[in-house]
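This is structure_34.cif (mmCIF, C-alpha atoms).
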data_work
#
loop_
_atom_site.group_PDB
_atom_site.id
_atom_site.type_symbol
_atom_site.label_atom_id
_atom_site.label_comp_id
_atom_site.auth_asym_id
_atom_site.auth_seq_id
_atom_site.Cartn_x
_atom_site.Cartn_y
_atom_site.Cartn_z
ATOM 1 C CA MET A 1 0.000 0.000 0.000
ATOM 2 C CA GLN A 2 1.348 3.401 -0.936
ATOM 3 C CA HIS A 3 -1.298 5.784 0.361
ATOM 4 C CA LEU A 4 -4.270 5.664 2.738
ATOM 5 C CA GLU A 5 -6.739 8.513 3.196
ATOM 6 C CA VAL A 6 -7.720 8.856 6.852
ATOM 7 C CA ASN A 7 -9.972 11.892 6.371
ATOM 8 C CA ARG A 8 -9.939 15.105 4.332
ATOM 9 C CA ASN A 9 -7.024 16.516 6.383
ATOM 10 C CA ILE A 10 -4.986 13.394 7.174
ATOM 11 C CA ARG A 11 -3.315 10.842 4.946
ATOM 12 C CA LEU A 12 -0.854 8.035 5.542
ATOM 13 C CA GLU A 13 1.912 7.277 3.078
ATOM 14 C CA ALA A 14 4.129 4.220 3.012
ATOM 15 C CA LEU A 15 7.585 5.091 4.269
ATOM 16 C CA HIS A 16 10.284 5.705 1.657
ATOM 17 C CA LEU A 17 13.837 6.981 1.701
ATOM 18 C CA SER A 18 12.939 10.359 0.182
ATOM 19 C CA MET A 19 11.105 11.171 3.448
ATOM 20 C CA ALA A 20 14.277 10.969 5.553
ATOM 21 C CA PRO A 21 15.069 14.718 5.510
ATOM 22 C CA VAL A 22 11.638 15.845 6.710
ATOM 23 C CA ILE A 23 11.504 13.094 9.347
ATOM 24 C CA PHE A 24 14.973 13.928 10.647
ATOM 25 C CA GLU A 25 14.297 17.701 10.621
ATOM 26 C CA THR A 26 11.160 17.111 12.702
ATOM 27 C CA ILE A 27 13.012 14.888 15.175
ATOM 28 C CA ASP A 28 15.868 17.380 15.437
ATOM 29 C CA ARG A 29 13.539 20.380 15.874
ATOM 30 C CA ASP A 30 11.396 18.610 18.504
ATOM 31 C CA ARG A 31 14.216 16.679 20.178
ATOM 32 C CA ALA A 32 13.595 18.090 23.680
ATOM 33 C CA TYR A 33 9.888 17.284 23.475
ATOM 34 C CA LEU A 34 10.200 13.822 21.892
ATOM 35 C CA LYS A 35 13.036 12.482 24.020
ATOM 36 C CA GLN A 36 10.857 12.287 27.130
ATOM 37 C CA TRP A 37 9.051 9.182 25.830
ATOM 38 C CA LEU A 38 10.936 7.950 22.754
ATOM 39 C CA PRO A 39 14.183 6.020 23.318
ATOM 40 C CA PHE A 40 15.296 6.224 19.654
ATOM 41 C CA ILE A 41 15.733 10.014 19.884
ATOM 42 C CA ALA A 42 18.982 9.495 21.824
ATOM 43 C CA THR A 43 20.516 7.609 18.884
ATOM 44 C CA THR A 44 19.174 9.815 16.105
ATOM 45 C CA HIS A 45 21.887 12.464 15.732
ATOM 46 C CA LYS A 46 22.082 13.030 11.977
ATOM 47 C CA LEU A 47 20.190 12.508 8.753
ATOM 48 C CA ALA A 48 22.134 9.298 8.108
ATOM 49 C CA ASP A 49 20.588 7.779 11.268
ATOM 50 C CA THR A 50 17.087 8.350 9.920
ATOM 51 C CA GLU A 51 18.118 7.032 6.501
ATOM 52 C CA ALA A 52 19.525 3.906 8.161
ATOM 53 C CA PHE A 53 16.233 3.368 10.014
ATOM 54 C CA ILE A 54 14.232 3.679 6.786
ATOM 55 C CA ARG A 55 16.586 1.314 4.944
ATOM 56 C CA SER A 56 16.240 -1.231 7.765
ATOM 57 C CA VAL A 57 12.466 -1.150 7.327
ATOM 58 C CA LEU A 58 12.562 -1.329 3.531
ATOM 59 C CA HIS A 59 15.149 -4.133 3.419
ATOM 60 C CA GLN A 60 12.901 -6.538 5.295
ATOM 61 C CA PRO A 61 11.343 -9.219 3.081
ATOM 62 C CA GLN A 62 8.002 -7.950 1.768
ATOM 63 C CA ASN A 63 6.051 -10.779 3.392
ATOM 64 C CA ARG A 64 7.698 -10.124 6.794
ATOM 65 C CA ARG A 65 7.890 -6.327 6.732
ATOM 66 C CA ASP A 66 6.002 -4.318 9.311
ATOM 67 C CA GLU A 67 4.236 -1.441 7.591
ATOM 68 C CA VAL A 68 5.474 2.007 8.598
ATOM 69 C CA PHE A 69 3.553 5.077 7.504
ATOM 70 C CA SER A 70 4.341 8.767 7.492
ATOM 71 C CA ILE A 71 1.464 10.886 8.753
ATOM 72 C CA TRP A 72 0.567 14.027 6.785
ATOM 73 C CA PHE A 73 -1.789 16.660 8.201
ATOM 74 C CA LYS A 74 -2.945 19.261 5.665
ATOM 75 C CA ASN A 75 0.013 18.218 3.470
ATOM 76 C CA GLU A 76 2.547 18.828 6.269
ATOM 77 C CA PHE A 77 4.588 16.013 7.815
ATOM 78 C CA ALA A 78 3.171 15.246 11.265
ATOM 79 C CA GLY A 79 4.847 12.034 12.471
ATOM 80 C CA LEU A 80 5.031 8.266 12.029
ATOM 81 C CA ILE A 81 2.733 5.360 12.813
ATOM 82 C CA ALA A 82 3.613 1.706 12.345
ATOM 83 C CA PHE A 83 2.670 -1.876 12.816
ATOM 84 C CA LYS A 84 5.403 -3.361 14.971
ATOM 85 C CA ASP A 85 6.525 -6.894 15.826
ATOM 86 C CA THR A 86 3.721 -8.461 13.805
ATOM 87 C CA ASP A 87 3.260 -12.152 14.586
ATOM 88 C CA TRP A 88 1.657 -13.604 11.447
ATOM 89 C CA MET A 89 1.312 -17.099 12.912
ATOM 90 C CA ASN A 90 -0.837 -15.775 15.751
ATOM 91 C CA ARG A 91 -2.398 -12.949 13.684
ATOM 92 C CA LYS A 92 -1.425 -10.134 16.061
ATOM 93 C CA THR A 93 0.501 -6.869 15.942
ATOM 94 C CA GLU A 94 1.379 -3.773 17.925
ATOM 95 C CA LEU A 95 0.809 -0.174 16.839
ATOM 96 C CA GLY A 96 3.371 2.500 17.679
ATOM 97 C CA TYR A 97 3.221 6.197 16.875
ATOM 98 C CA TRP A 98 4.735 9.614 17.471
ATOM 99 C CA LEU A 99 3.807 13.155 16.446
ATOM 100 C CA ALA A 100 5.612 16.449 16.085
ATOM 101 C CA GLU A 101 4.954 18.731 19.028
ATOM 102 C CA LYS A 102 2.955 21.276 17.008
ATOM 103 C CA MET A 103 0.668 18.510 15.719
ATOM 104 C CA GLN A 104 -0.483 17.471 19.194
ATOM 105 C CA GLY A 105 -4.091 17.927 20.275
ATOM 106 C CA LYS A 106 -5.669 17.758 16.802
ATOM 107 C CA GLY A 107 -6.970 14.162 16.976
ATOM 108 C CA ILE A 108 -4.449 13.042 14.366
ATOM 109 C CA VAL A 109 -3.183 9.878 16.058
ATOM 110 C CA THR A 110 -6.655 8.804 17.158
ATOM 111 C CA ALA A 111 -7.923 9.105 13.570
ATOM 112 C CA CYS A 112 -4.891 7.235 12.210
ATOM 113 C CA VAL A 113 -5.168 4.406 14.731
ATOM 114 C CA GLU A 114 -8.883 4.079 14.034
ATOM 115 C CA LYS A 115 -8.184 3.813 10.291
ATOM 116 C CA LEU A 116 -5.432 1.241 10.831
ATOM 117 C CA ILE A 117 -7.692 -0.859 13.074
ATOM 118 C CA GLY A 118 -9.967 -1.463 10.096
ATOM 119 C CA TYR A 119 -6.987 -2.035 7.808
ATOM 120 C CA ALA A 120 -5.447 -4.565 10.220
ATOM 121 C CA PHE A 121 -8.624 -6.563 10.801
ATOM 122 C CA ARG A 122 -10.090 -6.491 7.295
ATOM 123 C CA LYS A 123 -7.141 -6.279 4.892
ATOM 124 C CA LEU A 124 -4.370 -7.953 6.911
ATOM 125 C CA LYS A 125 -6.799 -10.426 8.546
ATOM 126 C CA LEU A 126 -5.262 -9.912 11.997
ATOM 127 C CA ASN A 127 -7.053 -10.886 15.197
ATOM 128 C CA ARG A 128 -5.339 -8.718 17.836
ATOM 129 C CA ILE A 129 -3.842 -5.226 17.990
ATOM 130 C CA GLN A 130 -2.026 -3.953 21.014
ATOM 131 C CA ILE A 131 -0.687 -0.569 21.993
ATOM 132 C CA LYS A 132 1.945 -0.132 24.690
ATOM 133 C CA THR A 133 2.469 3.240 26.347
ATOM 134 C CA ALA A 134 4.941 4.280 29.021
ATOM 135 C CA VAL A 135 3.321 4.668 32.420
ATOM 136 C CA GLY A 136 2.769 8.405 32.804
ATOM 137 C CA ASN A 137 2.470 9.170 29.078
ATOM 138 C CA ARG A 138 -1.160 10.250 29.378
ATOM 139 C CA LYS A 139 -1.465 11.653 25.834
ATOM 140 C CA SER A 140 -0.371 8.380 24.277
ATOM 141 C CA ALA A 141 -2.517 6.264 26.619
ATOM 142 C CA ALA A 142 -5.597 8.367 25.826
ATOM 143 C CA VAL A 143 -5.632 7.017 22.251
ATOM 144 C CA PRO A 144 -6.362 3.333 22.976
ATOM 145 C CA LYS A 145 -8.729 4.317 25.790
ATOM 146 C CA ARG A 146 -10.683 6.571 23.424
ATOM 147 C CA LEU A 147 -10.945 3.771 20.830
ATOM 148 C CA GLY A 148 -12.237 1.042 23.132
ATOM 149 C CA PHE A 149 -9.028 -0.914 23.683
ATOM 150 C CA ARG A 150 -8.971 -2.902 26.918
ATOM 151 C CA PHE A 151 -6.339 -2.259 29.543
ATOM 152 C CA GLU A 152 -4.576 -5.575 30.194
ATOM 153 C CA GLY A 153 -1.964 -4.621 32.753
ATOM 154 C CA ILE A 154 1.566 -3.366 33.224
ATOM 155 C CA GLU A 155 4.650 -4.783 31.543
ATOM 156 C CA ARG A 156 7.253 -4.106 34.201
ATOM 157 C CA ALA A 157 10.515 -2.590 32.935
ATOM 158 C CA GLY A 158 9.281 -3.088 29.366
ATOM 159 C CA GLU A 159 11.357 -0.429 27.609
ATOM 160 C CA LYS A 160 14.874 0.852 28.200
ATOM 161 C CA HIS A 161 15.209 4.613 28.046
ATOM 162 C CA ASN A 162 18.249 6.661 29.085
ATOM 163 C CA GLU A 163 19.781 3.849 31.139
ATOM 164 C CA LYS A 164 16.573 3.238 33.084
ATOM 165 C CA TYR A 165 13.495 1.186 32.333
ATOM 166 C CA PHE A 166 9.921 2.339 31.811
ATOM 167 C CA ASP A 167 6.960 0.260 32.859
ATOM 168 C CA LEU A 168 4.473 -0.035 29.988
ATOM 169 C CA GLU A 169 0.684 -0.008 30.036
ATOM 170 C CA ILE A 170 -0.682 -2.639 27.645
ATOM 171 C CA TYR A 171 -3.961 -2.104 25.787
ATOM 172 C CA SER A 172 -5.506 -4.534 23.310
ATOM 173 C CA LEU A 173 -8.325 -4.760 20.828
ATOM 174 C CA LEU A 174 -9.527 -8.009 19.309
ATOM 175 C CA LYS A 175 -11.303 -8.371 16.000
ATOM 176 C CA THR A 176 -14.404 -9.466 17.908
ATOM 177 C CA ASP A 177 -14.177 -6.295 20.066
ATOM 178 C CA GLU A 178 -13.841 -4.120 16.975
ATOM 179 C CA LEU A 179 -16.929 -5.629 15.392
ATOM 180 C CA ALA A 180 -18.919 -4.732 18.502
ATOM 181 C CA ILE A 181 -17.878 -1.056 18.386
#
Rewrite the structure of this file - the entire thing - as structure tokens.
Amino acid sequence: MQHLEVNRNIRLEALHLSMAPVIFETIDRDRAYLKQWLPFIATTHKLADTEAFIRSVLHQPQNRRDEVFSIWFKNEFAGLIAFKDTDWMNRKTELGYWLAEKMQGKGIVTACVEKLIGYAFRKLKLNRIQIKTAVGNRKSAAVPKRLGFRFEGIERAGEKHNEKYFDLEIYSLLKTDELAI
């Protein structure tokens, strides 16, 4: 998939190398804001780091590749959203996302996640989607709560960040839950 319309203001585009400059510029500009919750910010120092990330995604075999999308709000780059650690045998995946600071509070991530729920269940034929958020990251945790995901518990020390570990809240939605919404 190359392009997915979320609504009249938001679209998702499949990640490609030509996006590296705008992604890196956004990370670099919003570094202080993003580093609070995103461990990869500490290792993203130059454009080549973002290019290496994109190449690592694109070099995965097509049938094993997790889909990563750039988010565009009114034709301006807003952030990334991705399926992560997809387990095709068990038909489950995780969604991860981040937004530029100035794009916060516009309902962008909620709309994107809602669109990708349908895509995951209907097109990819998955059964389970989970979202993990660091304990204390209220903005990120509001998204699965708003969309009817169930809180399953805490993954203790689930993510390393700046030489310490964050506990992660785990939310899930099953295909049968989604059909009831």
Output as a tab-separated table one row per residue of stretch 64-152 of chain A within 9 Å of stretch 165-168 of chain A: the closest atom pair and its distance in Å to one decimal place, counting only C-alpha atoms, sorted by chain and residue number ascending.
residue	atom	partner	partner_atom	distance
A:Lys132	CA	A:Leu168	CA	5.9
A:Thr133	CA	A:Leu168	CA	5.3
A:Ala134	CA	A:Leu168	CA	4.4
A:Val135	CA	A:Leu168	CA	5.4
Legend entry - Pairwise distance for atom CA of A:Phe73 and atom CA of A:Phe151, rounded to one decimal in Å: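 Going from atom CA of A:Phe73 over to atom CA of A:Phe151, I get 28.9 Å.
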Inset, instruction - Using the chain letters and numbering of this document, enumerate as a list of chain:residue names the residues selected by the PyMOL selection byres ((chain A and resi 148) around 9). - result: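 So the PyMOL selection byres ((chain A and resi 148) around 9) ends up selecting A:Val143, A:Pro144, A:Lys145, A:Arg146, A:Leu147, A:Phe149, A:Arg150, A:Ser172, A:Leu173, A:Asp177, A:Glu178, A:Ile181.
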Only C-alpha atoms, please: the residues just picked out, written as a compact mmCIF listing (two decimals), in the frame of the given file.
# COMPACT_ATOMS: atom_id res chain seq x y z
CA VAL A 143 -5.63 7.02 22.25
CA PRO A 144 -6.36 3.33 22.98
CA LYS A 145 -8.73 4.32 25.79
CA ARG A 146 -10.68 6.57 23.42
CA LEU A 147 -10.94 3.77 20.83
CA PHE A 149 -9.03 -0.91 23.68
CA ARG A 150 -8.97 -2.90 26.92
CA SER A 172 -5.51 -4.53 23.31
CA LEU A 173 -8.32 -4.76 20.83
CA ASP A 177 -14.18 -6.30 20.07
CA GLU A 178 -13.84 -4.12 16.98
CA ILE A 181 -17.88 -1.06 18.39
Legend entry - Distance query A:Lys84 at most 8 Å, all atoms listed in the file, self and fewer than 4 positions along chain excluded, as number ranges by chain: A: 66-67, 93-96
Inset, instruction - To verify the selection step, state as a VMD selection string which residues the PyMOL selection byres ((chain A and resi 23) around 12) yields on this input. - result: chain A and resid 15 to 22 24 to 31 41 44 46 to 51 53 to 54 69 to 72 76 to 80 98 to 100
Inset, instruction - Please write the residues picked by the PyMOL selection byres ((chain A and resi 160) around 12) on this file as JSON, numbers by chain. - result: {"A": [37, 38, 39, 40, 42, 134, 156, 157, 158, 159, 161, 162, 163, 164, 165, 166, 167, 168]}
Legend entry - Neighbour list for A:His3 as a list in words, cut-off 9 Å, only C-alpha atoms, skip fewer than 5 positions in-chain: Arg11, Leu12, Glu13, Ala14 and Phe69 of chain A
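Atom CA of A:Arg55 is positioned 15.8 Å from atom CA of A:Thr43.
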Inset, instruction - Would you work out the distance separating atom CA of A:Leu174 from atom CA of A:Asn127, expressed in Å to one decimal? - result: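 The value is 5.6 Å.
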Centre and edge lengths, as lines of an AutoDock Vina configuration file, for the axis-aligned box enclosing every listed atom of stretch 48-56 of chain A with 4 Å of padding on each of the six sides, in Å to one decimal?
center_x = 18.2
center_y = 4.0
center_z = 8.1
size_x = 15.9
size_y = 18.5
size_z = 14.3
Inset, instruction - Name the residues, using the chain letters and numbers of the file, that sit within 12 Å of (-4.0, 15.4, 20.7) when counting all atoms listed in the file, and give them as a list of chain:residue names. - result: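 Here is the list of nearby residues: A:Ala78, A:Trp98, A:Leu99, A:Ala100, A:Glu101, A:Lys102, A:Met103, A:Gln104, A:Gly105, A:Lys106, A:Gly107, A:Ile108, A:Val109, A:Thr110, A:Ala111, A:Cys112, A:Arg138, A:Lys139, A:Ser140, A:Ala141, A:Ala142, A:Val143, A:Arg146.
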Legend entry - Closest of A:Glu5, A:Glu169, A:Glu152, A:Asp87 to A:Lys115 - atom-to-atom distances counting all atoms listed in the file: A:Glu5
Output stretch 140-169 of chain A with N, CA and C atoms present, as a CSV table (one decimal), in the frame of the given file.
chain,number,residue,atom,x,y,z
A,140,SER,N,-0.4,9.6,25.1
A,140,SER,CA,-0.4,8.4,24.3
A,140,SER,C,-1.4,7.4,24.8
A,141,ALA,N,-1.6,7.2,26.1
A,141,ALA,CA,-2.5,6.3,26.6
A,141,ALA,C,-4.0,6.6,26.3
A,142,ALA,N,-4.2,7.9,26.1
A,142,ALA,CA,-5.6,8.4,25.8
A,142,ALA,C,-6.1,7.8,24.5
A,143,VAL,N,-5.2,7.5,23.6
A,143,VAL,CA,-5.6,7.0,22.3
A,143,VAL,C,-6.3,5.7,22.4
A,144,PRO,N,-5.7,4.6,22.9
A,144,PRO,CA,-6.4,3.3,23.0
A,144,PRO,C,-7.6,3.4,23.9
A,145,LYS,N,-7.5,4.2,24.9
A,145,LYS,CA,-8.7,4.3,25.8
A,145,LYS,C,-9.9,4.9,25.0
A,146,ARG,N,-9.6,5.9,24.2
A,146,ARG,CA,-10.7,6.6,23.4
A,146,ARG,C,-11.3,5.6,22.4
A,147,LEU,N,-10.5,4.7,21.9
A,147,LEU,CA,-10.9,3.8,20.8
A,147,LEU,C,-11.4,2.4,21.3
A,148,GLY,N,-11.6,2.3,22.6
A,148,GLY,CA,-12.2,1.0,23.1
A,148,GLY,C,-11.3,-0.1,23.4
A,149,PHE,N,-10.0,0.1,23.3
A,149,PHE,CA,-9.0,-0.9,23.7
A,149,PHE,C,-9.2,-1.2,25.2
A,150,ARG,N,-8.9,-2.5,25.5
A,150,ARG,CA,-9.0,-2.9,26.9
A,150,ARG,C,-7.6,-2.8,27.6
A,151,PHE,N,-7.6,-2.3,28.8
A,151,PHE,CA,-6.3,-2.3,29.5
A,151,PHE,C,-6.1,-3.7,30.1
A,152,GLU,N,-4.9,-4.2,29.8
A,152,GLU,CA,-4.6,-5.6,30.2
A,152,GLU,C,-3.7,-5.6,31.4
A,153,GLY,N,-2.9,-4.6,31.6
A,153,GLY,CA,-2.0,-4.6,32.8
A,153,GLY,C,-0.7,-3.9,32.4
A,154,ILE,N,0.3,-4.1,33.3
A,154,ILE,CA,1.6,-3.4,33.2
A,154,ILE,C,2.7,-4.4,32.9
A,155,GLU,N,3.4,-4.0,31.9
A,155,GLU,CA,4.6,-4.8,31.5
A,155,GLU,C,5.8,-4.1,32.3
A,156,ARG,N,6.2,-4.7,33.4
A,156,ARG,CA,7.3,-4.1,34.2
A,156,ARG,C,8.6,-4.0,33.5
A,157,ALA,N,9.2,-2.8,33.6
A,157,ALA,CA,10.5,-2.6,32.9
A,157,ALA,C,10.5,-3.0,31.5
A,158,GLY,N,9.5,-2.6,30.7
A,158,GLY,CA,9.3,-3.1,29.4
A,158,GLY,C,10.1,-2.4,28.3
A,159,GLU,N,10.6,-1.2,28.6
A,159,GLU,CA,11.4,-0.4,27.6
A,159,GLU,C,12.5,0.3,28.3
A,160,LYS,N,13.7,0.2,27.7
A,160,LYS,CA,14.9,0.9,28.2
A,160,LYS,C,14.9,2.2,27.6
A,161,HIS,N,15.2,3.2,28.5
A,161,HIS,CA,15.2,4.6,28.0
A,161,HIS,C,16.2,5.4,28.9
A,162,ASN,N,17.2,5.9,28.3
A,162,ASN,CA,18.2,6.7,29.1
A,162,ASN,C,18.8,5.9,30.3
A,163,GLU,N,19.2,4.7,30.1
A,163,GLU,CA,19.8,3.8,31.1
A,163,GLU,C,18.8,3.5,32.3
A,164,LYS,N,17.6,3.7,32.1
A,164,LYS,CA,16.6,3.2,33.1
A,164,LYS,C,15.5,2.6,32.3
A,165,TYR,N,14.6,1.9,33.0
A,165,TYR,CA,13.5,1.2,32.3
A,165,TYR,C,12.1,1.8,32.7
A,166,PHE,N,11.3,1.9,31.6
A,166,PHE,CA,9.9,2.3,31.8
A,166,PHE,C,9.0,1.1,32.0
A,167,ASP,N,8.1,1.2,32.8
A,167,ASP,CA,7.0,0.3,32.9
A,167,ASP,C,6.0,0.7,31.7
A,168,LEU,N,5.4,-0.3,31.1
A,168,LEU,CA,4.5,0.0,30.0
A,168,LEU,C,3.1,-0.5,30.3
A,169,GLU,N,2.1,0.4,30.0
A,169,GLU,CA,0.7,0.0,30.0
A,169,GLU,C,0.4,-0.7,28.7
